[in-house]
$ cat my_file_21.txt   # compact mmCIF, C-alpha atoms
# COMPACT_ATOMS: atom_id res chain seq x y z
CA MET A 1 0.00 0.00 0.00
CA VAL A 2 1.23 3.49 -0.78
CA GLU A 3 2.09 5.59 2.26
CA TRP A 4 1.06 9.24 2.15
CA THR A 5 2.31 11.80 4.65
CA ALA A 6 -0.15 14.38 5.98
CA GLU A 7 1.71 16.98 3.97
CA GLU A 8 1.40 15.03 0.74
CA ARG A 9 -2.35 14.55 1.26
CA SER A 10 -2.72 18.25 1.92
CA ILE A 11 -0.75 19.18 -1.21
CA ILE A 12 -2.83 16.86 -3.41
CA SER A 13 -6.10 18.23 -1.97
CA GLU A 14 -4.93 21.77 -2.46
CA ILE A 15 -4.04 21.23 -6.11
CA PHE A 16 -7.42 19.60 -6.81
CA SER A 17 -9.35 22.28 -4.95
CA LYS A 18 -7.89 24.90 -7.28
CA LEU A 19 -8.21 22.77 -10.43
CA ASP A 20 -10.32 24.27 -13.20
CA TYR A 21 -11.23 21.07 -15.06
CA ASP A 22 -12.80 22.87 -18.01
CA ASP A 23 -9.56 24.74 -18.60
CA VAL A 24 -6.89 22.24 -17.59
CA GLY A 25 -8.52 19.17 -19.15
CA PRO A 26 -8.49 20.47 -22.73
CA LYS A 27 -5.05 22.06 -22.28
CA CYS A 28 -3.55 18.84 -20.96
CA LEU A 29 -4.83 16.50 -23.68
CA SER A 30 -4.15 18.90 -26.53
CA ARG A 31 -0.63 19.53 -25.25
CA CYS A 32 0.01 15.78 -25.18
CA LEU A 33 -1.16 15.41 -28.80
CA ILE A 34 1.05 18.32 -29.87
CA VAL A 35 4.20 17.50 -27.92
CA TYR A 36 3.98 13.74 -28.55
CA PRO A 37 2.27 13.57 -31.96
CA TRP A 38 2.39 9.78 -32.10
CA THR A 39 -0.27 9.76 -29.36
CA GLN A 40 -2.69 10.94 -32.05
CA ARG A 41 -2.86 7.32 -33.15
CA TYR A 42 -5.59 6.76 -30.56
CA PHE A 43 -7.72 9.64 -31.79
CA GLY A 44 -8.55 8.69 -35.36
CA GLY A 45 -12.22 9.54 -34.94
CA PHE A 46 -11.69 12.94 -33.36
CA GLY A 47 -11.69 15.12 -36.45
CA ASN A 48 -9.00 17.60 -37.48
CA LEU A 49 -5.68 17.09 -35.68
CA TYR A 50 -3.60 18.39 -38.55
CA ASN A 51 -1.60 21.01 -36.64
CA ALA A 52 -1.33 22.64 -33.24
CA GLU A 53 -4.00 25.26 -33.99
CA ALA A 54 -6.45 22.58 -35.15
CA ILE A 55 -5.82 20.47 -32.06
CA LEU A 56 -6.15 23.44 -29.70
CA SER A 57 -9.50 24.45 -31.21
CA ASN A 58 -10.90 20.92 -31.58
CA PRO A 59 -14.06 20.65 -29.44
CA MET A 60 -14.01 16.83 -29.33
CA ILE A 61 -10.49 16.89 -27.91
CA ALA A 62 -11.50 19.55 -25.41
CA ALA A 63 -14.48 17.52 -24.20
CA HIS A 64 -12.41 14.38 -23.95
CA GLY A 65 -9.70 16.19 -22.02
CA ILE A 66 -12.25 17.12 -19.37
CA THR A 67 -13.47 13.51 -19.17
CA VAL A 68 -9.94 12.18 -18.76
CA LEU A 69 -9.09 14.73 -16.08
CA HIS A 70 -12.16 13.80 -14.07
CA GLY A 71 -10.78 10.26 -14.16
CA LEU A 72 -8.37 11.41 -11.48
CA ASP A 73 -11.20 12.17 -9.05
CA ARG A 74 -11.58 8.57 -8.01
CA ALA A 75 -7.91 8.46 -7.00
CA LEU A 76 -8.31 11.64 -4.94
CA ASN A 77 -11.28 10.09 -3.16
CA ASN A 78 -9.55 6.74 -2.60
CA MET A 79 -5.98 7.62 -1.88
CA ASP A 80 -5.47 4.59 0.32
CA ASP A 81 -6.47 2.13 -2.38
CA ILE A 82 -5.71 3.71 -5.73
CA LYS A 83 -4.47 0.34 -6.98
CA ASN A 84 -7.94 -1.23 -6.98
CA THR A 85 -9.82 1.93 -7.86
CA TYR A 86 -8.70 1.69 -11.48
CA THR A 87 -9.39 -2.00 -12.20
CA GLN A 88 -12.16 -1.34 -14.71
CA LEU A 89 -10.46 1.63 -16.36
CA SER A 90 -7.28 -0.39 -16.67
CA GLU A 91 -9.15 -3.21 -18.37
CA LEU A 92 -10.84 -0.72 -20.67
CA HIS A 93 -7.54 0.84 -21.75
CA SER A 94 -5.95 -2.57 -22.26
CA GLU A 95 -8.70 -4.73 -23.76
CA LYS A 96 -10.82 -2.21 -25.62
CA LEU A 97 -8.70 0.85 -26.32
CA HIS A 98 -5.35 -0.97 -26.69
CA VAL A 99 -3.42 2.01 -25.32
CA ASP A 100 0.31 1.49 -24.67
CA PRO A 101 0.73 2.21 -20.93
CA THR A 102 3.78 4.36 -21.70
CA ASN A 103 1.28 6.96 -22.86
CA PHE A 104 -0.13 7.35 -19.35
CA THR A 105 3.17 8.87 -18.23
CA LEU A 106 3.29 11.16 -21.26
CA LEU A 107 -0.16 12.53 -20.40
CA ALA A 108 0.74 12.79 -16.71
CA ASP A 109 3.84 14.82 -17.58
CA CYS A 110 1.78 17.19 -19.73
CA LEU A 111 -0.73 17.61 -16.91
CA THR A 112 2.09 18.48 -14.51
CA ILE A 113 3.38 21.09 -16.93
CA VAL A 114 -0.06 22.66 -17.49
CA ILE A 115 -0.55 22.92 -13.72
CA ALA A 116 2.96 24.33 -13.34
CA ALA A 117 2.25 27.01 -15.96
CA LYS A 118 -0.96 27.98 -14.12
CA MET A 119 0.48 27.99 -10.60
CA GLY A 120 3.82 29.53 -11.50
CA THR A 121 6.42 29.43 -8.76
CA ASN A 122 3.70 28.57 -6.22
CA PHE A 123 4.17 25.06 -7.62
CA THR A 124 7.20 24.40 -5.41
CA PRO A 125 9.59 21.45 -5.80
CA ASP A 126 7.94 19.73 -2.81
CA MET A 127 4.49 20.19 -4.36
CA GLN A 128 5.78 18.84 -7.65
CA ALA A 129 7.22 15.80 -5.85
CA ALA A 130 3.94 14.99 -4.09
CA TRP A 131 1.92 15.60 -7.25
CA GLN A 132 4.16 13.41 -9.40
CA LYS A 133 4.08 10.67 -6.74
CA PHE A 134 0.27 10.78 -6.90
CA LEU A 135 0.24 10.61 -10.69
CA SER A 136 2.76 7.77 -10.77
CA VAL A 137 0.52 5.73 -8.47
CA VAL A 138 -2.44 6.37 -10.78
CA VAL A 139 -0.34 5.48 -13.83
CA SER A 140 0.79 2.27 -12.19
CA ALA A 141 -2.81 1.35 -11.25
CA LEU A 142 -3.95 1.96 -14.83
CA GLY A 143 -1.30 -0.44 -16.07
CA ARG A 144 -2.17 -3.27 -13.72
CA GLN A 145 -4.71 -5.16 -15.82
CA TYR A 146 -2.46 -5.38 -18.86
CA HIS A 147 -1.21 -8.85 -19.62
CA MET B 1 13.77 16.94 -36.12
CA LEU B 2 13.78 20.67 -35.46
CA SER B 3 12.44 23.18 -37.96
CA LYS B 4 14.13 26.52 -38.56
CA TYR B 5 11.31 28.20 -36.65
CA GLU B 6 11.74 25.88 -33.68
CA LYS B 7 15.52 26.43 -33.57
CA GLU B 8 15.00 30.18 -33.50
CA LEU B 9 12.34 29.85 -30.81
CA ILE B 10 14.64 27.71 -28.64
CA ALA B 11 17.57 30.08 -29.08
CA SER B 12 15.43 33.09 -28.17
CA ILE B 13 14.07 31.45 -25.03
CA TRP B 14 17.55 30.55 -23.78
CA GLU B 15 18.91 33.98 -24.65
CA ARG B 16 16.21 35.58 -22.54
CA LEU B 17 17.00 33.28 -19.64
CA THR B 18 20.77 33.85 -19.66
CA PRO B 19 20.64 36.62 -16.99
CA VAL B 20 18.78 34.28 -14.61
CA ALA B 21 20.76 31.17 -15.48
CA LYS B 22 21.59 30.35 -11.86
CA ASP B 23 17.96 30.69 -10.77
CA ILE B 24 16.55 28.55 -13.58
CA GLY B 25 19.29 25.96 -13.26
CA SER B 26 19.11 25.61 -9.49
CA GLU B 27 15.32 25.45 -9.57
CA ALA B 28 15.37 22.62 -12.12
CA LEU B 29 17.90 20.75 -10.01
CA SER B 30 15.85 21.24 -6.81
CA ARG B 31 12.77 19.95 -8.58
CA MET B 32 14.68 16.91 -9.75
CA PHE B 33 16.11 16.13 -6.28
CA ALA B 34 12.66 16.44 -4.67
CA THR B 35 10.78 14.41 -7.28
CA PHE B 36 13.45 11.81 -8.09
CA PRO B 37 15.50 11.33 -4.91
CA GLY B 38 17.83 8.80 -6.58
CA THR B 39 19.37 11.67 -8.51
CA LYS B 40 20.80 13.07 -5.29
CA THR B 41 23.32 10.22 -5.21
CA TYR B 42 25.46 12.09 -7.75
CA PHE B 43 25.76 15.10 -5.47
CA SER B 44 27.02 13.77 -2.16
CA HIS B 45 30.02 16.11 -2.50
CA LEU B 46 27.91 19.27 -2.68
CA ASP B 47 25.48 21.19 -0.51
CA ILE B 48 22.28 20.85 -2.54
CA SER B 49 19.89 22.56 -0.17
CA LEU B 50 17.51 25.07 -1.74
CA ARG B 51 19.42 27.94 -3.37
CA SER B 52 22.72 26.99 -1.72
CA PRO B 53 25.81 28.61 -3.30
CA HIS B 54 26.84 25.19 -4.65
CA LEU B 55 23.45 24.63 -6.22
CA LEU B 56 23.28 28.10 -7.76
CA ALA B 57 26.75 27.72 -9.24
CA HIS B 58 26.02 24.27 -10.59
CA GLY B 59 22.64 25.30 -11.97
CA LYS B 60 24.27 28.23 -13.71
CA LYS B 61 26.86 25.98 -15.37
CA ILE B 62 24.19 23.69 -16.74
CA VAL B 63 21.99 26.47 -18.10
CA LEU B 64 24.93 28.25 -19.73
CA ALA B 65 25.76 25.01 -21.54
CA LEU B 66 22.13 24.80 -22.73
CA VAL B 67 22.36 28.43 -23.86
CA GLU B 68 25.57 27.78 -25.74
CA GLY B 69 24.19 24.70 -27.47
CA SER B 70 21.07 26.58 -28.55
CA LYS B 71 23.08 29.13 -30.52
CA ASP B 72 23.92 26.56 -33.20
CA ILE B 73 21.82 23.46 -32.72
CA SER B 74 23.10 21.77 -35.88
CA SER B 75 26.60 21.78 -34.36
CA LEU B 76 25.74 20.29 -30.99
CA THR B 77 28.33 17.53 -31.26
CA THR B 78 31.12 20.06 -31.80
CA THR B 79 29.92 22.45 -29.11
CA LEU B 80 29.45 19.71 -26.52
CA ALA B 81 32.61 17.69 -27.26
CA PRO B 82 34.34 18.62 -23.97
CA LEU B 83 31.16 17.94 -21.98
CA GLN B 84 30.76 14.61 -23.76
CA THR B 85 34.19 13.55 -22.51
CA LEU B 86 33.48 14.83 -19.01
CA HIS B 87 30.21 12.92 -18.70
CA ALA B 88 31.53 9.71 -20.27
CA TYR B 89 34.80 9.31 -18.45
CA GLN B 90 34.49 11.30 -15.24
CA LEU B 91 30.93 11.96 -14.18
CA ARG B 92 29.42 8.79 -15.68
CA ILE B 93 25.89 9.85 -14.83
CA ASP B 94 23.47 7.19 -15.97
CA PRO B 95 21.76 8.69 -19.05
CA THR B 96 18.28 7.86 -17.71
CA ASN B 97 18.83 10.81 -15.40
CA PHE B 98 19.13 13.20 -18.34
CA LYS B 99 15.44 12.54 -19.05
CA LEU B 100 14.54 13.25 -15.44
CA PHE B 101 16.46 16.51 -15.46
CA SER B 102 15.00 17.52 -18.82
CA HIS B 103 11.47 16.98 -17.48
CA CYS B 104 12.20 19.12 -14.43
CA MET B 105 13.68 21.80 -16.67
CA LEU B 106 10.44 21.81 -18.68
CA VAL B 107 8.45 22.21 -15.45
CA THR B 108 10.75 25.06 -14.41
CA LEU B 109 10.22 26.77 -17.76
CA ALA B 110 6.45 26.32 -17.42
CA CYS B 111 6.45 27.86 -13.93
CA ASN B 112 8.51 30.82 -15.05
CA MET B 113 6.97 31.43 -18.46
CA GLY B 114 3.31 30.62 -17.71
CA ASP B 115 1.15 30.94 -20.81
CA ARG B 116 4.19 31.82 -22.91
CA PHE B 117 5.29 28.20 -22.54
CA THR B 118 2.88 27.22 -25.29
CA PRO B 119 2.46 23.62 -26.50
CA VAL B 120 4.59 24.49 -29.56
CA ALA B 121 7.38 25.94 -27.39
CA HIS B 122 7.13 22.92 -25.08
CA ALA B 123 7.44 20.50 -28.01
CA ALA B 124 10.43 22.35 -29.45
CA MET B 125 12.17 22.57 -26.09
CA ASP B 126 11.55 18.89 -25.33
CA LYS B 127 13.12 17.98 -28.66
CA TYR B 128 16.11 20.20 -27.99
CA LEU B 129 16.70 18.78 -24.53
CA SER B 130 16.42 15.22 -25.89
CA ALA B 131 18.93 15.98 -28.63
CA PHE B 132 21.26 17.62 -26.10
CA ALA B 133 21.05 14.60 -23.78
CA ALA B 134 21.66 12.19 -26.65
CA VAL B 135 24.81 14.07 -27.70
CA LEU B 136 26.01 14.17 -24.10
CA ALA B 137 25.76 10.39 -23.85
CA GLU B 138 27.47 9.67 -27.20
CA LYS B 139 30.90 8.81 -25.81
CA TYR B 140 29.60 6.56 -23.04
CA ARG B 141 30.21 3.43 -25.09
$ encode --input "my_file_21.txt" --output "structure tokens"
Amino acid sequence: MVEWTAEERSIISEIFSKLDYDDVGPKCLSRCLIVYPWTQRYFGGFGNLYNAEAILSNPMIAAHGITVLHGLDRALNNMDDIKNTYTQLSELHSEKLHVDPTNFTLLADCLTIVIAAKMGTNFTPDMQAAWQKFLSVVVSALGRQYH
Amino acid sequence: MLSKYEKELIASIWERLTPVAKDIGSEALSRMFATFPGTKTYFSHLDISLRSPHLLAHGKKIVLALVEGSKDISSLTTTLAPLQTLHAYQLRIDPTNFKLFSHCMLVTLACNMGDRFTPVAHAAMDKYLSAFAAVLAEKYR
């Protein structure tokens, strides 16, 4: 089981309490598709992804970004058992969506950078450490049902 | 692969950051030590507490090398030749750590540039840092 210090829990809660899903969700997913263009392979049915401008103004990507970001809520609400919280989503990504688990880290890194850009230097090294620890636990849980 | 536009963008970002090299560099290092504690093992000989003189000096060195490389990205191998030797034969830092540092540098740039760290700038910078790290590791074996 993952051990969380009181400080880490507080940092995670704080970041989520300030999180504007409707802004960060689209920014995070679109950034991932722009910075790591090969991730577009999973978005064949999402319309025009031809260049950065197209991706940034694509409403389907924006909507999906919000959906994906809300996927983190269940981890926030189950921090002491994140591993089992993602069983179904892990199966979905493996069996139905066939997403390479490496991509989870790519998206997580983009999310960290979007949050960093919004929070500026308020996003201290210690906050970054706690946040990345949280995301790495989620990423690991999402990869568990792959075989 | 970096386009002409991306090379110019990268060079302009690093030029603007040259006056605050020690701040950017030390911040990236602090982020890396906090998030990836294994990286601290390479620094047992230095005081790496937040904004220590050692850390500021070391951060400055790293950023100035990034600045220098950005001035002529097509000639990275020539520019970095001495650093290649240093890393291969003396420092012998496992190259996985270059990725960790690069990520923390991107976070540092995001914190300091806010909205100006656009997805296009992020992509270009990530490519530059990857190329830089690859050149640095060339003489390892």
$ closest_residue --input "my_file_21.txt" --among "B:Ser70, B:Ser130, B:Thr41, B:Thr35" --to "Gln128 in chain A" --atoms "only C-alpha atoms"
B:Thr35
$ atom_distance --input "my_file_21.txt" --atom1 "CA of Glu14 in chain A" --atom2 "CA of Gly114 in chain B"
19.5 Å
$ atom_distance --input "my_file_21.txt" --atom1 "CA of Thr77 in chain B" --atom2 "CA of Ala121 in chain B"
22.9 Å
$ interface_residues --input "my_file_21.txt" --of "chain B" --to "chain A" --cutoff "6 Å" --atoms "only C-alpha atoms" --output "PyMOL selection string"
chain B and resi 31+34-35+107+110-111+114+119+123
$ atom_distance --input "my_file_21.txt" --atom1 "CA of His87 in chain B" --atom2 "CA of Leu106 in chain A"
27.1 Å
$ closest_residue --input "my_file_21.txt" --among "B:Ala88, B:Ile62, B:Ala57, B:Ile93" --to "Lys40 in chain B" --atoms "all atoms listed in the file"
B:Ile93
$ closest_residue --input "my_file_21.txt" --among "B:Ala81, B:Val20, B:Met1, B:Leu100" --to "Ala137 in chain B" --atoms "only C-alpha atoms"
B:Ala81
$ residues_around --input "my_file_21.txt" --residues "range 11-18 of chain B" --least-positions-apart "3" --cutoff "6 Å" --atoms "only C-alpha atoms" --output "MDAnalysis selection string"
chainID B and resid 8 21 67 70:71
$ closest_residue --input "my_file_21.txt" --among "B:Ser26, B:Asn112, B:Gln90, B:Ser74" --to "Pro53 in chain B" --atoms "only C-alpha atoms"
B:Ser26
$ residues_near_point --input "my_file_21.txt" --point "(30.7, 15.6, -22.9)" --cutoff "7 Å" --atoms "only C-alpha atoms" --output "PyMOL selection string"
chain B and resi 80-88+136
$ residues_around --input "my_file_21.txt" --residues "Ile82 in chain A" --least-positions-apart "2" --cutoff "9 Å" --atoms "all atoms listed in the file" --output "count of residues only"
15
$ closest_residue --input "my_file_21.txt" --among "A:Glu7, A:Gly143, A:Ala63, A:Leu111" --to "Leu19 in chain A" --atoms "all atoms listed in the file"
A:Leu111
$ axis_aligned_box --input "my_file_21.txt" --around "range 2-5 of chain B" --padding-each-side "4 Å" --output "JSON"
{"center_x": 12.7, "center_y": 24.4, "center_z": -37.0, "size_x": 10.8, "size_y": 15.5, "size_z": 11.1}
